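Written below as structure tokens is the structure these notes are about.
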Amino acid sequence: MVELGVIGGSGLYELAADAERVLLDTPYGKPASAVSIGVLGGKEVAFMTRHGTDHAVPPHLVNYRANIWALKELGVTTLVTSSVVGSLRADYRPGHFVLVDQFYDRTTGRASTFFEGPKVVHASLADPYCPALRAAARTALEGLGEAFHPTGTAVVIQGPRFSTRAESQVYQTLGFSVLSMTQFPETALAREAAMCVVNISFVSDLDAGVAGLQDEPVTAGLVWRTVRDAQPRIRRVLERTVELLEPNPGCACHGVLADI
């Protein structure tokens, strides 16, 4: 059983050293990739790449339920998720990290719960990301001297297309910090699985609606180049965060279904 799990975002396909690959099946089908069980930050971790090893699965077709179920089956109770995001704020610059503490769902049609009857379950998601894990990630980022933002709200869009300028401007008006395509339903499912979750987002671009700062449209090539160059930094942050994490059986995240 492996208590610590990591889900890699765009461009992050391998992480742990000396990994053993485990291919699992679940009641929801196959996960996006095999789970690599190896050592990161001096600890055993179960690592999965969200979009598959060749980035073949777009965000709206990721089998989020299978991914989370597979990690749960392996014993994961503490989960670090890595995301590449676009910024909606001038001060959240490309190259910065963000410890997202809230999200706002704008997706459609995604299977987003394990509880489809006969019993109705309403999981609390007021605070979707674990405060204790976020504190550890903050310590890691500070220790590495990385530019980061300790809070932020991600608006989760359907993808795989990028936003129009008008959509981006509306999201800014509503006070959102960054754009994500994957934090929902992944985070909600992890909560239903009684996991502690922290998300470490990396800003790849300023969205097209950030007037005067990103006048050119966001392109996939721009995102890939930025993420490629930042891979060593992203890996160091994840490794140091894992090194600092300790599973906490008494955390309130694990008892989210106790009062239903």
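Residue numbering restarts at 1 for every chain of the structure tokens, chains are lettered A, B, ... in their displayed order, and ligands are numbered from 1 as they appear.
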
Pick out the residues sitting within 10 Å of A:Pro94, and hand them over as a ChimeraX atom specification; count only C-alpha atoms, and ignore anything fewer than 3 positions along from it in its own chain.
-> /A:85-87,90-91,97,202-206,223,226-227

Please report as a tab-separated table every residue of stretch 61-86 of chain A lying within 8 Å of stretch 16-39 of chain A, along with the nearest atom pair and their distance in Å (one decimal), using only C-alpha atoms.
```
residue	atom	partner	partner_atom	distance
A:Val62	CA	A:Ala32	CA	6.9
A:Asn63	CA	A:Pro31	CA	6.3
A:Tyr64	CA	A:Pro31	CA	7.7
A:Arg65	CA	A:Tyr28	CA	6.4
A:Ala66	CA	A:Pro31	CA	4.9
A:Asn67	CA	A:Pro31	CA	4.7
A:Trp69	CA	A:Thr26	CA	6.7
A:Ala70	CA	A:Leu24	CA	6.4
A:Leu71	CA	A:Val35	CA	7.9
```

Any chance you could export the current selection's N, CA and C atoms as an mmCIF file, in the first residue's frame?
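Written out: again24.cif:
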```
data_model
loop_
_atom_site.group_PDB
_atom_site.id
_atom_site.type_symbol
_atom_site.label_atom_id
_atom_site.label_comp_id
_atom_site.auth_asym_id
_atom_site.auth_seq_id
_atom_site.Cartn_x
_atom_site.Cartn_y
_atom_site.Cartn_z
ATOM 1 N N VAL A 62 -10.543 12.920 -20.065
ATOM 2 C CA VAL A 62 -9.788 12.203 -19.030
ATOM 3 C C VAL A 62 -10.759 11.379 -18.185
ATOM 4 N N ASN A 63 -10.404 10.131 -17.918
ATOM 5 C CA ASN A 63 -11.244 9.277 -17.066
ATOM 6 C C ASN A 63 -10.863 9.541 -15.610
ATOM 7 N N TYR A 64 -11.338 10.655 -15.100
ATOM 8 C CA TYR A 64 -10.956 11.095 -13.755
ATOM 9 C C TYR A 64 -11.342 10.066 -12.692
ATOM 10 N N ARG A 65 -12.496 9.454 -12.845
ATOM 11 C CA ARG A 65 -12.928 8.478 -11.842
ATOM 12 C C ARG A 65 -11.987 7.276 -11.802
ATOM 13 N N ALA A 66 -11.586 6.784 -12.973
ATOM 14 C CA ALA A 66 -10.664 5.652 -13.007
ATOM 15 C C ALA A 66 -9.315 6.033 -12.402
ATOM 16 N N ASN A 67 -8.839 7.242 -12.699
ATOM 17 C CA ASN A 67 -7.550 7.690 -12.155
ATOM 18 C C ASN A 67 -7.565 7.705 -10.631
ATOM 19 N N TRP A 69 -9.769 6.315 -8.569
ATOM 20 C CA TRP A 69 -10.083 4.989 -8.016
ATOM 21 C C TRP A 69 -8.823 4.123 -7.957
ATOM 22 N N ALA A 70 -8.033 4.154 -9.028
ATOM 23 C CA ALA A 70 -6.808 3.346 -9.075
ATOM 24 C C ALA A 70 -5.850 3.744 -7.954
ATOM 25 N N LEU A 71 -5.682 5.039 -7.739
ATOM 26 C CA LEU A 71 -4.795 5.497 -6.666
ATOM 27 C C LEU A 71 -5.344 5.087 -5.298
#
```

Which residues of stretch 179-217 of chain A have any atom within 12 Å of an atom in stretch 137-154 of chain A when counting only C-alpha atoms, and what is the closest pair of atoms for each, with the distance in Å to one decimal? Order the rows by chain and rising number and write it as JSON lines.
```
{"residue": "A:Leu179", "atom": "CA", "partner": "A:Ala154", "partner_atom": "CA", "distance": 5.4}
{"residue": "A:Ser180", "atom": "CA", "partner": "A:Ala154", "partner_atom": "CA", "distance": 6.0}
{"residue": "A:Met181", "atom": "CA", "partner": "A:Ala154", "partner_atom": "CA", "distance": 9.2}
{"residue": "A:Thr182", "atom": "CA", "partner": "A:Ala154", "partner_atom": "CA", "distance": 10.0}
{"residue": "A:Gln183", "atom": "CA", "partner": "A:Ala154", "partner_atom": "CA", "distance": 7.9}
{"residue": "A:Phe184", "atom": "CA", "partner": "A:Ala154", "partner_atom": "CA", "distance": 9.7}
{"residue": "A:Thr187", "atom": "CA", "partner": "A:Ala154", "partner_atom": "CA", "distance": 11.7}
{"residue": "A:Val197", "atom": "CA", "partner": "A:Ala137", "partner_atom": "CA", "distance": 11.1}
{"residue": "A:Val198", "atom": "CA", "partner": "A:Ala137", "partner_atom": "CA", "distance": 7.9}
{"residue": "A:Asn199", "atom": "CA", "partner": "A:Ala137", "partner_atom": "CA", "distance": 8.9}
{"residue": "A:Ile200", "atom": "CA", "partner": "A:Ala137", "partner_atom": "CA", "distance": 7.7}
{"residue": "A:Ser201", "atom": "CA", "partner": "A:Phe148", "partner_atom": "CA", "distance": 9.4}
{"residue": "A:Phe202", "atom": "CA", "partner": "A:Phe148", "partner_atom": "CA", "distance": 8.9}
{"residue": "A:Val203", "atom": "CA", "partner": "A:Phe148", "partner_atom": "CA", "distance": 9.6}
```

Quick one: contact table of stretch 1-83 of chain A to stretch 125-129 of chain A, 12 Å max, nearest atom pair and distance in Å to one decimal per residue, counting only C-alpha atoms, chain and number order, as JSON lines?
```
{"residue": "A:Thr78", "atom": "CA", "partner": "A:Tyr129", "partner_atom": "CA", "distance": 11.0}
{"residue": "A:Leu79", "atom": "CA", "partner": "A:Tyr129", "partner_atom": "CA", "distance": 10.0}
{"residue": "A:Val80", "atom": "CA", "partner": "A:Tyr129", "partner_atom": "CA", "distance": 10.0}
{"residue": "A:Thr81", "atom": "CA", "partner": "A:Tyr129", "partner_atom": "CA", "distance": 10.4}
```

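Comparing the minimum interatomic distances between A:Glu167 and each of A:Leu88, A:Val121, A:Leu244, A:Leu189, counting only C-alpha atoms, we find that A:Leu88 sits nearest.
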
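Distance check against A:Ala258 using only C-alpha atoms: of A:Leu245, A:Ala220, A:Ala123, A:Ala132, the minimum falls on A:Ala123.
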
Check the smallest atom-to-atom distance from each of A:Asp207, A:Cys130, A:Ala230, A:Glu186 to A:Arg165 using only C-alpha atoms, then report the winner.
-> A:Asp207

If you run DSSP on this backbone, which residues of stretch 94-136 of chain A come out as alpha helix (DSSP H), and could you give them as an NGL selection string?
-> :A and (131-136)

Can you check which residues of stretch 57-219 of chain A DSSP gives as strand (DSSP E) on the backbone and send them as a ChimeraX atom specification?
-> /A:78-87,97-98,102-105,148-149,153-156,178-180,196-206

From atom CA of A:Val256 to atom CA of A:Asp101 the spacing works out at 17.1 Å

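Minimum distance to A:Glu243 across A:Gln158, A:Gly221, A:Ala208, A:Leu4 (counting only C-alpha atoms) occurs at A:Leu4.
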
Of A:Gly255, A:Pro217, A:Gly9, A:Gly117, the one nearest to A:Thr49 when counting only C-alpha atoms is A:Gly9

Between A:Arg235, A:Arg89, A:His254, A:Arg191, single out the one closest to A:Phe114, counting only C-alpha atoms.
-> A:Arg191
